[in-house]
Every structure is written in C-alpha cells, then in structure tokens.
Amino acid sequence: MEKQTLLYEGKAKKVYTTQDPELLIVSYKDDATAFNGLKKGTIQGKGVINNQMSNLLMARLERQGVPTHLVRELSPRDTLVRRVSIVPLEVIVRNLAAGSFSKRYGVEEGTAFEVPALELSYKNDELGDPLLNDDHAVALKLATREELAAIRTYTLQIDRMLQKIWASCGVILVDFKVEFGRLPDGTIVLADEISPDTCRLWDAQTREKLDKDRFRRDMGGVEEAYCQVMERLRNSL
Ligand code: UDP
C-alpha cells in the first residue's frame with residue numbers, strides 16, 4: 001500500500017489517501033506543539049516512538065476486544081489505518097489529578113481518584129477545546145446517546161487495560177486522551193494515537209514525568225523520557 005495524496009496535515013501527523021478508499025496512511029512527525037499550538041518545537045525521534053507505541057498498544061487493545069482503526073504498521077513512521085470520520089470529542093480519563101484538572105479544581109497533582117474520572121472536550125482549536133458534558137455533545141450533534149455510551153464503555157475498558165500494561169512497566173498511567181471514529185457502517189472504533197503525547201506517564205517509584213509534560217514545562221530530557229517509556233514497554237511484552 002502506498003501514499004497517494006496528502007489528505008490532511010495536523011500538528012503531529014500527516015494523513016494520506018491510498019489506492020483503497022477505505023484505508024489511509026498516517027505518518028508521524030517529530031513536531032510537537034502545546035497550549036493549543038502556542039508552543040512549538042521538535043522532539044527528535046518522537047514520530048517513530050509514537051507510531052510504534054501506539055501500534056503496540058492498539059494491537060493489544062484490539063486482541064482484548066476493543067475495535068481500533070489499526071490495520072498494520074508499514075514503516076517506522078507510517079501506519080495503515082481504516083478510514084473513519086472522527087467524532088469531534090477528546091475523551092479524557094483521569095486516574096490521578098494533573099494538568100488542567102488540578103488547575104481548574106485546585107487539587108494537588110498526584111492526588112489519586114477512587115474511580116477514574118471521564119471527561120469530554122469539544123475538539124475545536126478555534127474554541128480552545130472547551131469542556132462539555134454528554135447533553136452538550138448531543139445538543140451540538142457531535143455524537144448520539146448510543147455512541148456516547150459505547151465511547152464511555154470502551155474508554156473505561158481501555159483505561160483498565162492500559163493501567164495494567166503500564167503497571168507491568170513500573171509506570172503509573174495518570175491520565176490520557178483518546179479519540180474515536182465511525183466506520184462507514186457507523187461502528188465506533190478507537191482512532192488517533194496512544195503515546196507519551198497523549199498520556200501522562202509517571203515512574204511508579206520516583207514519580208518522575210516520562211511524557212509530553214517535560215516539553216510543555218521545559219523540563220529537559222524529553223527525548224530520553226520518550227525513549228525510556230518505549231524501552232520499558234518493549235521489555236514488558
Ligand atoms: N491531552 C491530549 N491532547 C489535548 C489535551 C490533552 O492528548 O489536546 C492529554 C494530555 O496529554 C493528558 C490528558 O489528555 O494526558 C489530560 O490533559 P489535560 O486536560 O490535563 O490538559 P493539559 O494540562 O495537557 O493542557
């Protein structure tokens with residue numbers, strides 16, 4: 001399968017059409033942005049790590065019953081995926097308080113929740129990805145009640161599976177963001193990526209940050225952190 005025309009270029013990925021109208025090629029870049037594009041930079045080798053990590057994790061989720069867009073990895077940066085129409089929601093799960101949650105509600109980073117907290121944002125850069133609830137999503141026709149129910153069930157399943165995988169690597173899954181898409185027949189599948197760009201990952205012993213917060217907060221050691229979590233994941237499989 002080969003790339004045909006560039007369909008879309010986002011902050012971290014390019015998406016190409018292929019000979020098959022139902023399949024696309026996603027190509028991961030080393031570009032990094034934060035704060036809704038205000039901060040820009042490069043994380044050397046990130047594209048390769050995010051591509052490979054996302055594929056490893058999605059393949060595992062798929063085996064455990066979560067449908068995903070993944071077809072197969074084509075090269076270190078490129079992956080063949082099923083074409084979906086993205087549900088314009090950022091679905092966030094929080095196991096511990098961090099980031100915008102800590103700021104908004106005045107809760108110390110690292111405070112653990114008894115039950116994971118699921119949160120939705122409207123995927124809309126112009127509006128700054130505003131927080132919304134299920135009723136808002138239905139009113140805005142972003143998704144149906146049935147779709148939201150499926151998304152919630154899958155997302156909580158994904159959280160349990162990913163927490164287990166990361167725990168076996170000595171890593172705490174603090175929070176993460178996922179996106180879902182609709183296949184032509186309307187089936188909801190996991191899409192986008194699962195990587196240190198979209199997850200908060202802390203060393204279980206030291207609580208050292210091993211994710212994009214190192215870039216967001218100018219902490220240094222960004223490349224090293226991405227390499228370290230990838231290495232730990234590989235060694236745990
Ligand atoms: N996240 C993401 N894309 C976004 C916003 C958040 O992948 O546009 C991820 C982020 O990496 C973290 C989780 O979702 O793992 C929760 O992020 P939060 O709402 O705390 O936002 P942030 O503090 O990153 O702005």
# chains A, B, ... in the order shown; residues from 1 in each chain; ligands from 1
$ closest_atom_pairs --of "range 124-208 of chain A" --to "range 99-116 of chain A" --cutoff "10 Å" --atoms "only C-alpha atoms" --output "tab-separated table"
residue	atom	partner	partner_atom	distance
A:Leu156	CA	A:Pro116	CA	7.9
A:Asp159	CA	A:Pro116	CA	8.3
A:Arg160	CA	A:Pro116	CA	9.4
A:Val174	CA	A:Gly110	CA	7.8
A:Asp175	CA	A:Pro116	CA	9.1
A:Arg200	CA	A:Gly99	CA	9.2
A:Trp202	CA	A:Gly110	CA	9.7
A:Arg207	CA	A:Gly110	CA	8.8
$ write_last_selection --atoms "all heavy atoms" --output "short mmCIF file (atom, residue, chain, number, x, y, z; two decimals), in the first residue's frame"
data_model
loop_
_atom_site.label_atom_id
_atom_site.label_comp_id
_atom_site.auth_asym_id
_atom_site.auth_seq_id
_atom_site.Cartn_x
_atom_site.Cartn_y
_atom_site.Cartn_z
N LEU A 156 -13.40 3.27 29.38
CA LEU A 156 -13.12 2.74 30.72
C LEU A 156 -12.41 1.38 30.62
O LEU A 156 -11.53 1.08 31.43
CB LEU A 156 -14.40 2.67 31.56
CG LEU A 156 -14.98 4.05 31.91
CD1 LEU A 156 -16.32 3.91 32.62
CD2 LEU A 156 -14.01 4.87 32.75
N ASP A 159 -8.87 2.15 29.76
CA ASP A 159 -8.15 2.61 30.96
C ASP A 159 -7.68 1.42 31.80
O ASP A 159 -6.53 1.37 32.22
CB ASP A 159 -9.06 3.53 31.79
CG ASP A 159 -8.37 4.07 33.04
OD1 ASP A 159 -7.21 4.51 32.92
OD2 ASP A 159 -8.97 4.03 34.12
N ARG A 160 -8.57 0.46 32.01
CA ARG A 160 -8.18 -0.71 32.84
C ARG A 160 -7.05 -1.49 32.17
O ARG A 160 -6.08 -1.89 32.82
CB ARG A 160 -9.40 -1.63 33.05
CG ARG A 160 -10.44 -1.05 34.01
CD ARG A 160 -11.48 -2.10 34.41
NE ARG A 160 -12.34 -2.50 33.30
CZ ARG A 160 -13.48 -1.88 32.96
NH1 ARG A 160 -13.89 -0.82 33.64
NH2 ARG A 160 -14.19 -2.32 31.95
N VAL A 174 -1.36 8.22 34.63
CA VAL A 174 -2.02 9.30 35.36
C VAL A 174 -3.31 9.71 34.67
O VAL A 174 -4.38 9.76 35.29
CB VAL A 174 -1.06 10.51 35.50
CG1 VAL A 174 -1.77 11.70 36.14
CG2 VAL A 174 0.18 10.12 36.28
N ASP A 175 -3.20 9.99 33.38
CA ASP A 175 -4.39 10.33 32.58
C ASP A 175 -4.05 10.14 31.11
O ASP A 175 -2.89 9.92 30.76
CB ASP A 175 -4.88 11.77 32.87
CG ASP A 175 -3.83 12.84 32.60
OD1 ASP A 175 -2.95 12.61 31.76
OD2 ASP A 175 -3.90 13.91 33.23
N ARG A 200 -0.31 10.90 30.32
CA ARG A 200 0.66 11.25 31.36
C ARG A 200 1.16 9.96 31.97
O ARG A 200 0.35 9.15 32.45
CB ARG A 200 0.05 12.17 32.42
CG ARG A 200 -0.10 13.59 31.97
CD ARG A 200 -0.33 14.57 33.12
NE ARG A 200 -0.23 15.93 32.64
CZ ARG A 200 -1.27 16.66 32.21
NH1 ARG A 200 -2.49 16.17 32.25
NH2 ARG A 200 -1.07 17.88 31.77
N TRP A 202 4.02 8.40 34.66
CA TRP A 202 4.99 8.72 35.72
C TRP A 202 5.70 7.45 36.15
O TRP A 202 5.06 6.38 36.27
CB TRP A 202 4.29 9.31 36.95
CG TRP A 202 3.68 10.66 36.75
CD1 TRP A 202 3.70 11.45 35.64
CD2 TRP A 202 2.92 11.39 37.74
NE1 TRP A 202 3.02 12.62 35.86
CE2 TRP A 202 2.53 12.61 37.14
CE3 TRP A 202 2.54 11.13 39.07
CZ2 TRP A 202 1.78 13.57 37.82
CZ3 TRP A 202 1.78 12.08 39.75
CH2 TRP A 202 1.41 13.30 39.12
N ARG A 207 8.04 8.90 40.64
CA ARG A 207 7.01 9.82 40.12
C ARG A 207 7.57 10.81 39.09
O ARG A 207 6.95 11.83 38.78
CB ARG A 207 6.29 10.55 41.25
CG ARG A 207 5.54 9.60 42.18
CD ARG A 207 4.27 10.23 42.70
NE ARG A 207 3.26 9.21 42.99
CZ ARG A 207 1.97 9.47 43.19
NH1 ARG A 207 1.54 10.71 43.13
NH2 ARG A 207 1.12 8.51 43.43
#
$ residues_around --residues "Leu140 in chain A" --least-positions-apart "4" --cutoff "12 Å" --atoms "only C-alpha atoms" --output "NGL selection string"
:A and (87-89 or 122 or 132-136 or 144-145)
$ atom_distance --atom1 "CA of Thr33 in chain A" --atom2 "CA of Ala12 in chain A"
7.9 Å
$ closest_residue --among "A:Thr17, A:Asn95, A:Thr198, A:Ser54" --to "ligand 1" --atoms "only C-alpha atoms and all ligand atoms"
A:Thr198
$ select_by_dssp --residues "range 73-177 of chain A" --states "strand (DSSP E)" --output "ChimeraX atom specification"
/A:73,78-82,85-86,89-96,112-122,131-132,171-177
$ write_last_selection --atoms "N, CA and C atoms" --output "compact mmCIF listing (two decimals), in the first residue's frame"
# COMPACT_ATOMS: atom_id res chain seq x y z
N GLU A 73 1.38 -1.76 10.64
CA GLU A 73 2.50 -0.82 10.57
C GLU A 73 3.22 -1.03 9.24
N ASP A 78 5.16 5.14 9.58
CA ASP A 78 3.91 5.07 8.82
C ASP A 78 3.05 3.87 9.19
N THR A 79 1.76 4.12 9.28
CA THR A 79 0.82 3.03 9.61
C THR A 79 -0.42 3.11 8.74
N LEU A 80 -0.86 1.94 8.30
CA LEU A 80 -2.09 1.83 7.53
C LEU A 80 -3.26 1.71 8.51
N VAL A 81 -4.24 2.58 8.32
CA VAL A 81 -5.41 2.56 9.22
C VAL A 81 -6.71 2.57 8.41
N ARG A 82 -7.77 2.16 9.06
CA ARG A 82 -9.07 2.24 8.42
C ARG A 82 -9.53 3.69 8.41
N SER A 85 -14.62 8.62 10.13
CA SER A 85 -14.91 10.04 10.35
C SER A 85 -14.80 10.25 11.85
N ILE A 86 -13.92 11.16 12.23
CA ILE A 86 -13.59 11.35 13.65
C ILE A 86 -14.77 11.98 14.39
N LEU A 89 -14.64 14.74 19.58
CA LEU A 89 -14.56 14.79 21.04
C LEU A 89 -13.20 14.32 21.49
N GLU A 90 -12.61 15.01 22.47
CA GLU A 90 -11.42 14.50 23.14
C GLU A 90 -11.93 13.82 24.40
N VAL A 91 -11.71 12.52 24.46
CA VAL A 91 -12.21 11.75 25.60
C VAL A 91 -11.03 11.54 26.55
N ILE A 92 -11.13 12.11 27.73
CA ILE A 92 -10.02 12.08 28.68
C ILE A 92 -10.41 11.24 29.90
N VAL A 93 -9.49 10.39 30.32
CA VAL A 93 -9.69 9.62 31.55
C VAL A 93 -8.61 10.03 32.53
N ARG A 94 -9.02 10.26 33.76
CA ARG A 94 -8.06 10.66 34.80
C ARG A 94 -8.10 9.66 35.94
N ASN A 95 -6.92 9.09 36.24
CA ASN A 95 -6.79 8.20 37.39
C ASN A 95 -6.22 8.95 38.59
N LEU A 96 -5.39 9.94 38.31
CA LEU A 96 -4.83 10.84 39.32
C LEU A 96 -5.01 12.27 38.80
N ALA A 112 -4.80 10.76 43.98
CA ALA A 112 -5.42 9.60 43.29
C ALA A 112 -6.92 9.63 43.47
N PHE A 113 -7.64 9.20 42.43
CA PHE A 113 -9.10 9.09 42.49
C PHE A 113 -9.48 7.64 42.81
N GLU A 114 -10.60 7.45 43.52
CA GLU A 114 -11.06 6.09 43.82
C GLU A 114 -11.59 5.42 42.58
N VAL A 115 -12.20 6.23 41.73
CA VAL A 115 -12.79 5.73 40.48
C VAL A 115 -12.31 6.66 39.37
N PRO A 116 -11.97 6.12 38.18
CA PRO A 116 -11.49 7.01 37.13
C PRO A 116 -12.54 8.05 36.75
N ALA A 117 -12.09 9.26 36.45
CA ALA A 117 -12.99 10.34 36.06
C ALA A 117 -12.88 10.54 34.56
N LEU A 118 -14.02 10.38 33.86
CA LEU A 118 -14.05 10.56 32.41
C LEU A 118 -14.52 11.97 32.09
N GLU A 119 -13.87 12.58 31.13
CA GLU A 119 -14.15 13.98 30.80
C GLU A 119 -14.18 14.14 29.28
N LEU A 120 -15.06 14.99 28.80
CA LEU A 120 -15.15 15.24 27.35
C LEU A 120 -14.80 16.69 27.04
N SER A 121 -14.07 16.88 25.94
CA SER A 121 -13.86 18.22 25.40
C SER A 121 -14.30 18.21 23.95
N TYR A 122 -14.80 19.36 23.51
CA TYR A 122 -15.16 19.55 22.11
C TYR A 122 -13.87 19.81 21.35
N LEU A 131 -14.44 22.22 27.50
CA LEU A 131 -15.01 21.10 28.25
C LEU A 131 -16.51 21.01 27.93
N LEU A 132 -17.06 19.79 27.81
CA LEU A 132 -18.52 19.67 27.70
C LEU A 132 -19.00 18.36 28.28
N VAL A 171 5.22 1.93 35.56
CA VAL A 171 4.76 3.26 35.18
C VAL A 171 3.31 3.45 35.62
N ILE A 172 3.03 4.63 36.17
CA ILE A 172 1.65 4.97 36.54
C ILE A 172 1.00 5.71 35.37
N LEU A 173 -0.18 5.24 34.97
CA LEU A 173 -0.96 5.94 33.94
C LEU A 173 -1.81 6.98 34.67
N VAL A 174 -1.36 8.22 34.63
CA VAL A 174 -2.02 9.30 35.36
C VAL A 174 -3.31 9.71 34.67
N ASP A 175 -3.20 9.99 33.38
CA ASP A 175 -4.39 10.33 32.58
C ASP A 175 -4.05 10.14 31.11
N PHE A 176 -5.05 10.18 30.26
CA PHE A 176 -4.81 10.08 28.82
C PHE A 176 -6.02 10.58 28.05
N LYS A 177 -5.77 10.83 26.77
CA LYS A 177 -6.83 11.30 25.86
C LYS A 177 -6.95 10.31 24.72
$ select_by_dssp --residues "range 59-129 of chain A" --states "alpha helix (DSSP H)" --output "list in words"
Ala59, Arg60, Leu61, Glu62, Arg63, Gly99, Ser100, Phe101, Ser102, Lys103, Arg104 and Tyr105 of chain A
$ atom_distance --atom1 "CA of Val15 in chain A" --atom2 "CA of Lys3 in chain A"
8.9 Å
$ atom_distance --atom1 "CA of Cys169 in chain A" --atom2 "CA of Leu56 in chain A"
14.0 Å
$ residues_around --residues "Ser236 in chain A" --least-positions-apart "4" --cutoff "12 Å" --atoms "only C-alpha atoms" --output "PyMOL selection string"
chain A and resi 56-57+164-171+229-232
$ residues_around --residues "Gly45 in chain A" --least-positions-apart "2" --cutoff "12 Å" --atoms "only C-alpha atoms" --output "list in words"
Tyr28, Lys29, Asp30, Asp31, Ala32, Thr42, Ile43, Gly47, Val48, Ile49, Asn50, Asn51, Gln52, Pro76, Arg77, Val222, Glu223, Glu224, Ala225, Tyr226, Cys227 and Met230 of chain A
$ write_last_selection --atoms "C-alpha atoms" --output "compact mmCIF listing (two decimals), in the first residue's frame"
# COMPACT_ATOMS: atom_id res chain seq x y z
CA TYR A 28 4.04 10.52 12.42
CA LYS A 29 6.19 13.66 12.63
CA ASP A 30 8.72 14.81 15.24
CA ASP A 31 6.89 18.17 15.55
CA ALA A 32 5.47 18.96 18.95
CA THR A 42 10.70 19.29 17.78
CA ILE A 43 11.20 16.12 19.75
CA GLY A 47 7.38 10.21 15.41
CA VAL A 48 8.93 6.76 15.38
CA ILE A 49 8.24 6.16 19.08
CA ASN A 50 4.64 7.38 18.94
CA ASN A 51 3.92 5.32 15.84
CA GLN A 52 5.38 2.13 17.29
CA PRO A 76 8.93 3.16 11.46
CA ARG A 77 6.80 6.29 10.98
CA VAL A 222 12.20 15.00 26.63
CA GLU A 223 13.72 12.62 24.05
CA GLU A 224 15.20 10.48 26.83
CA ALA A 225 11.81 10.16 28.53
CA TYR A 226 10.06 9.07 25.31
CA CYS A 227 12.85 6.53 24.65
CA MET A 230 9.15 2.90 24.81
$ closest_residue --among "A:Gly181, A:Gly186, A:Gly220, A:Gly128" --to "ligand 1" --atoms "only C-alpha atoms and all ligand atoms"
A:Gly128
$ closest_residue --among "A:Leu183, A:Asn55, A:Ile158, A:Arg83" --to "Tyr16 in chain A" --atoms "only C-alpha atoms"
A:Arg83
